Each structure stands twice: as C-alpha cells, then as structure tokens.
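A.B. asks: Supplied structure: my_file_18.pdb, PDB, C-alpha atoms.
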```
MODEL        1
ATOM      1  CA  MET A 181     126.959-181.966 -38.937
ATOM      2  CA  PRO A 182     127.592-179.019 -36.576
ATOM      3  CA  ASN A 183     131.001-179.084 -34.927
ATOM      4  CA  TRP A 184     129.450-179.057 -31.469
ATOM      5  CA  GLN A 185     126.968-181.197 -29.564
ATOM      6  CA  PRO A 186     124.239-180.145 -27.187
ATOM      7  CA  ASN A 187     123.672-181.981 -23.944
ATOM      8  CA  TRP A 188     121.234-184.710 -24.987
ATOM      9  CA  GLU A 189     120.523-185.815 -21.407
ATOM     10  CA  ASN A 190     117.481-184.453 -19.639
ATOM     11  CA  VAL A 191     117.953-182.813 -16.264
ATOM     12  CA  VAL A 192     117.335-185.335 -13.511
ATOM     13  CA  TRP A 193     114.938-183.691 -11.075
ATOM     14  CA  ASP A 194     111.688-184.851  -9.545
ATOM     15  CA  TRP A 195     109.537-181.737  -9.786
ATOM     16  CA  GLY A 196     106.553-183.522  -8.235
ATOM     17  CA  ALA A 197     108.523-184.595  -5.168
ATOM     18  CA  ALA A 198     110.050-181.124  -4.897
ATOM     19  CA  ASN A 199     106.608-179.493  -5.002
ATOM     20  CA  GLU A 200     105.309-181.922  -2.391
ATOM     21  CA  ALA A 201     108.267-181.189  -0.117
ATOM     22  CA  ILE A 202     107.771-177.436  -0.514
ATOM     23  CA  ALA A 203     104.085-177.746   0.334
ATOM     24  CA  ALA A 204     104.766-180.018   3.325
ATOM     25  CA  LEU A 205     107.447-177.693   4.715
ATOM     26  CA  ASN A 206     105.210-174.650   4.336
ATOM     27  CA  ARG A 207     102.289-176.478   5.976
ATOM     28  CA  ALA A 208     104.495-177.565   8.876
ATOM     29  CA  ALA A 209     105.786-174.019   9.307
ATOM     30  CA  GLY A 210     102.230-172.703   9.336
ATOM     31  CA  ARG A 211     101.144-175.281  11.909
ATOM     32  CA  LEU A 212     104.099-174.429  14.133
ATOM     33  CA  GLU A 213     103.261-170.734  13.959
ATOM     34  CA  GLU A 214      99.593-171.412  14.717
ATOM     35  CA  SER A 215     100.562-173.662  17.613
ATOM     36  CA  VAL A 216     102.862-171.002  19.072
ATOM     37  CA  GLY A 217     100.094-168.429  18.894
ATOM     38  CA  GLU A 218      97.648-170.778  20.598
ATOM     39  CA  ARG A 219     100.142-171.748  23.312
ATOM     40  CA  GLN A 220     100.894-168.108  24.020
ATOM     41  CA  ARG A 221      97.175-167.322  24.291
ATOM     42  CA  ILE A 222      96.560-170.215  26.697
ATOM     43  CA  ALA A 223      99.716-169.401  28.686
ATOM     44  CA  GLY A 224      98.600-165.797  28.996
ATOM     45  CA  GLU A 225      95.400-166.930  30.687
ATOM     46  CA  ALA A 226      97.375-169.111  33.119
ATOM     47  CA  GLN A 227      99.908-166.373  33.832
ATOM     48  CA  TYR A 228      97.313-163.739  34.706
ATOM     49  CA  GLU A 229      97.298-164.442  38.447
ATOM     50  CA  TRP A 230     100.332-166.689  38.737
ATOM     51  CA  ARG A 231     103.266-165.427  40.840
ATOM     52  CA  GLY A 232     106.498-166.850  42.215
ATOM     53  CA  HIS A 233     109.480-168.918  41.236
ATOM     54  CA  TYR A 234     107.572-171.470  39.126
ATOM     55  CA  ARG A 235     105.945-168.654  37.155
ATOM     56  CA  GLU A 236     109.402-167.320  36.324
ATOM     57  CA  GLU A 237     110.572-170.787  35.234
ATOM     58  CA  PHE A 238     107.418-171.173  33.171
ATOM     59  CA  ASP A 239     107.996-167.812  31.476
ATOM     60  CA  ILE A 240     111.590-168.764  30.608
ATOM     61  CA  ASP A 241     110.519-172.162  29.274
ATOM     62  CA  LEU A 242     107.666-170.629  27.279
ATOM     63  CA  ALA A 243     109.950-168.005  25.745
ATOM     64  CA  ASP A 244     112.432-170.738  24.811
ATOM     65  CA  LEU A 245     109.669-172.862  23.281
ATOM     66  CA  VAL A 246     108.405-169.896  21.268
ATOM     67  CA  ARG A 247     111.916-169.048  20.011
ATOM     68  CA  ARG A 248     112.617-172.652  19.007
ATOM     69  CA  ALA A 249     109.267-173.031  17.245
ATOM     70  CA  GLN A 250     109.701-169.745  15.375
ATOM     71  CA  SER A 251     113.244-170.703  14.426
ATOM     72  CA  LEU A 252     112.107-174.106  13.186
ATOM     73  CA  ALA A 253     109.254-172.553  11.184
ATOM     74  CA  ALA A 254     111.719-170.110   9.618
ATOM     75  CA  GLU A 255     114.081-172.989   8.818
ATOM     76  CA  PHE A 256     111.224-174.922   7.194
ATOM     77  CA  ARG A 257     110.310-171.910   5.035
ATOM     78  CA  SER A 258     113.953-171.322   4.135
ATOM     79  CA  THR A 259     114.365-174.950   3.106
ATOM     80  CA  ALA A 260     111.187-174.749   1.032
ATOM     81  CA  GLY A 261     112.652-171.670  -0.663
ATOM     82  CA  ARG A 262     115.916-173.462  -1.419
ATOM     83  CA  ILE A 263     114.020-176.388  -2.931
ATOM     84  CA  ALA A 264     111.956-173.970  -5.032
ATOM     85  CA  SER A 265     115.160-172.285  -6.216
ATOM     86  CA  ALA A 266     116.685-175.646  -7.099
ATOM     87  CA  SER A 267     113.536-176.562  -9.030
ATOM     88  CA  GLU A 268     113.695-173.301 -10.940
ATOM     89  CA  ALA A 269     117.382-173.849 -11.714
ATOM     90  CA  ALA A 270     116.623-177.376 -12.940
ATOM     91  CA  ARG A 271     113.774-176.105 -15.111
ATOM     92  CA  SER A 272     115.954-173.333 -16.542
ATOM     93  CA  GLU A 273     118.726-175.800 -17.336
ATOM     94  CA  GLN A 274     116.258-178.195 -19.005
ATOM     95  CA  ASN A 275     114.842-175.335 -21.099
ATOM     96  CA  TYR A 276     118.374-174.303 -22.074
ATOM     97  CA  ARG A 277     119.232-177.868 -23.130
ATOM     98  CA  GLU A 278     116.092-178.096 -25.224
ATOM     99  CA  ARG A 279     116.842-174.773 -26.934
ATOM    100  CA  GLU A 280     120.394-175.926 -27.660
ATOM    101  CA  ARG A 281     119.150-179.217 -29.089
ATOM    102  CA  GLU A 282     116.802-177.330 -31.377
ATOM    103  CA  ARG A 283     119.597-174.950 -32.443
ATOM    104  CA  TRP A 284     121.800-177.970 -33.234
ATOM    105  CA  ARG A 285     119.010-179.521 -35.336
ATOM    106  CA  ARG A 286     118.517-176.274 -37.268
ATOM    107  CA  GLU A 287     122.251-175.973 -37.908
ATOM    108  CA  LYS A 288     122.373-179.596 -39.030
ATOM    109  CA  GLN A 289     119.439-179.082 -41.423
ATOM    110  CA  GLU A 290     121.080-175.954 -42.810
ATOM    111  CA  GLU A 291     124.371-177.788 -43.365
ATOM    112  CA  GLU A 292     122.554-180.683 -45.041
ATOM    113  CA  ARG A 293     120.672-178.227 -47.283
ATOM    114  CA  ARG A 294     123.927-176.530 -48.304
ATOM    115  CA  GLU A 295     125.574-179.900 -48.971
ATOM    116  CA  ARG A 296     122.633-180.959 -51.179
ATOM    117  CA  GLU A 297     122.787-177.689 -53.080
ATOM    118  CA  ASP A 298     126.540-178.002 -53.541
ATOM    119  CA  HIS A 299     126.149-181.586 -54.699
ATOM    120  CA  GLU A 300     123.394-180.621 -57.154
ATOM    121  CA  ARG A 301     125.512-177.719 -58.464
ATOM    122  CA  ARG A 302     128.488-180.011 -58.985
ATOM    123  CA  GLN A 303     126.258-182.543 -60.751
ATOM    124  CA  ARG A 304     124.919-179.855 -63.087
ATOM    125  CA  GLU A 305     128.431-178.642 -63.805
ATOM    126  CA  HIS A 306     129.586-182.171 -64.452
ATOM    127  CA  ASN A 307     126.658-182.853 -66.786
ATOM    128  CA  ARG A 308     127.455-179.712 -68.845
ATOM    129  CA  ARG A 309     130.934-181.010 -69.711
TER
ENDMDL
END
```
Can you give me the file's structure in the form of structure tokens?
C.D. replies:
Amino acid sequence: MPNWQPNWENVVWDWGAANEAIAALNRAAGRLEESVGERQRIAGEAQYEWRGHYREEFDIDLADLVRRAQSLAAEFRSTAGRIASASEAARSEQNYRERERERWRREKQEEERREREDHERRQREHNRR
C-alpha cells in the first residue's frame, strides 16, 4: 500500500445554490441599473422647467439615490464574482482530490503487482530446491 493517503472526502460545496445566488445577484444588479436609468430619465423630464430650493434638494437626493444604487449594483456583482471564484476553487480542489485518489490506486496496483511477482519468483526458487 502506498505510504501516503489521498483526501477521500469530497469537497462540500453546493454548486447549484452557488449558481442560483450568482444569477440572482446579477439579475438584481441589472434591475438596479435599469431602475436608475429610468429614474434619471423621468427626473430629467421633471427637472426641465423646475427651479428653486426644492429643485436643488431634489437634485441632491437624486444624485445620492443614483450613487447608492450604483454602489449596491457593483457590490452585488462583486459578491457574485466572489461566489464564482469560490465555486471554481471548490471544483479545482475536488478535481485535485480525484486525481490524487486515482494516483493512489495506480500506485497501490503497481505495488500489489510487484508483490505478486516477487511472491511468484520466490515460489519458483523454492520449488527448484
């Protein structure tokens, strides 16, 4: 038997849930970005003839809303990217474990083959005496 052991445990990761979360985060980011664009278009129509103190407050509030929505959309996309990276790392680790298990099996088979051959050789030598 090889003098080492591979990791026999599978990586614990829910790829389906990760993919769903990635899709949901990207959809939410897209909806936020669409909403911001639509709000800015509608606000532009309202701002065309609007003057005074309340217009200035509205402009400040609108700019803040746009910044927050863009920031949130970027955060959603960043989180989706981190989940995708974690999924890829989990997949890579699982592939590595499977390759190591297969290498261990090959080494074990090779050792068993050599042991059989040695045993057969010793038996032949013994029988010649």
A.B. asks: Write out as an mmCIF file with C-alpha atoms, keeping the file's coordinate frame each polymer residue whose atoms come within 9 Å of range 280-287 of chain A, counting only C-alpha atoms; drop sequence neighbours fewer than 4 positions from it.
C.D. replies:
```cif
data_model
loop_
_atom_site.group_PDB
_atom_site.id
_atom_site.type_symbol
_atom_site.label_atom_id
_atom_site.label_comp_id
_atom_site.auth_asym_id
_atom_site.auth_seq_id
_atom_site.Cartn_x
_atom_site.Cartn_y
_atom_site.Cartn_z
ATOM 1 C CA MET A 181 126.959 -181.966 -38.937
ATOM 2 C CA PRO A 182 127.592 -179.019 -36.576
ATOM 3 C CA TRP A 184 129.450 -179.057 -31.469
ATOM 4 C CA GLN A 185 126.968 -181.197 -29.564
ATOM 5 C CA PRO A 186 124.239 -180.145 -27.187
ATOM 6 C CA ASN A 187 123.672 -181.981 -23.944
ATOM 7 C CA TRP A 188 121.234 -184.710 -24.987
ATOM 8 C CA ASN A 275 114.842 -175.335 -21.099
ATOM 9 C CA TYR A 276 118.374 -174.303 -22.074
ATOM 10 C CA GLU A 291 124.371 -177.788 -43.365
ATOM 11 C CA GLU A 292 122.554 -180.683 -45.041
#
```
A.B. asks: Would you mind telling me which residue in A:Val216, A:Ala269, A:Ala249, A:Leu205 lies nearest to Val192 in chain A when using all atoms listed in the file?
C.D. replies: A:Ala269
A.B. asks: Please write the residues picked by the PyMOL selection byres ((chain A and resi 223) around 12) on this file as a VMD selection string.
C.D. replies: chain A and resid 215 to 222 224 to 230 235 238 to 239 241 to 243 245 to 246
A.B. asks: To one decimal in Å, tell me the separation between CA of Asn183 in chain A and CA of Arg294 in chain A.
C.D. replies: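 For CA of Asn183 in chain A relative to CA of Arg294 in chain A, the distance reads 15.3 Å.
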A.B. asks: Show which residues sit within 10 Å of range 207-211 of chain A, as a PyMOL selection string. Count only C-alpha atoms, and ignore same-chain residues fewer than 6 positions away.
C.D. replies: chain A and resi 201+217+249-257+260
A.B. asks: Can you give me, as a ChimeraX atom specification, the residues this file yields under the PyMOL selection byres ((chain A and resi 267) around 9)?
C.D. replies: /A:193-195,198-199,262-266,268-272
A.B. asks: Restricting the output to C-alpha atoms, write the selected residues as a compact mmCIF listing (two decimals), in the frame of the given file.
C.D. replies:
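So the final result, stored in part-v1.txt, reads:
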```txt
# COMPACT_ATOMS: atom_id res chain seq x y z
CA TRP A 193 114.94 -183.69 -11.08
CA ASP A 194 111.69 -184.85 -9.54
CA TRP A 195 109.54 -181.74 -9.79
CA ALA A 198 110.05 -181.12 -4.90
CA ASN A 199 106.61 -179.49 -5.00
CA ARG A 262 115.92 -173.46 -1.42
CA ILE A 263 114.02 -176.39 -2.93
CA ALA A 264 111.96 -173.97 -5.03
CA SER A 265 115.16 -172.28 -6.22
CA ALA A 266 116.68 -175.65 -7.10
CA GLU A 268 113.70 -173.30 -10.94
CA ALA A 269 117.38 -173.85 -11.71
CA ALA A 270 116.62 -177.38 -12.94
CA ARG A 271 113.77 -176.10 -15.11
CA SER A 272 115.95 -173.33 -16.54
```
A.B. asks: For a test of reading the model, state the distance in Å between CA of Gln274 in chain A and CA of Ala197 in chain A, rounded to one decimal.
C.D. replies: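 Going from CA of Gln274 in chain A over to CA of Ala197 in chain A covers 17.1 Å.
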A.B. asks: Would you work out the distance separating CA of Val191 in chain A from CA of Arg277 in chain A, expressed in Å to one decimal?
C.D. replies: 8.6 Å
A.B. asks: Could you check which of A:Arg301, A:Glu278, A:Ile202, A:Asn190 is closest to Thr259 in chain A, using all atoms listed in the file?
C.D. replies: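 With all atoms listed in the file as the atom set, the closest residue is A:Ile202.
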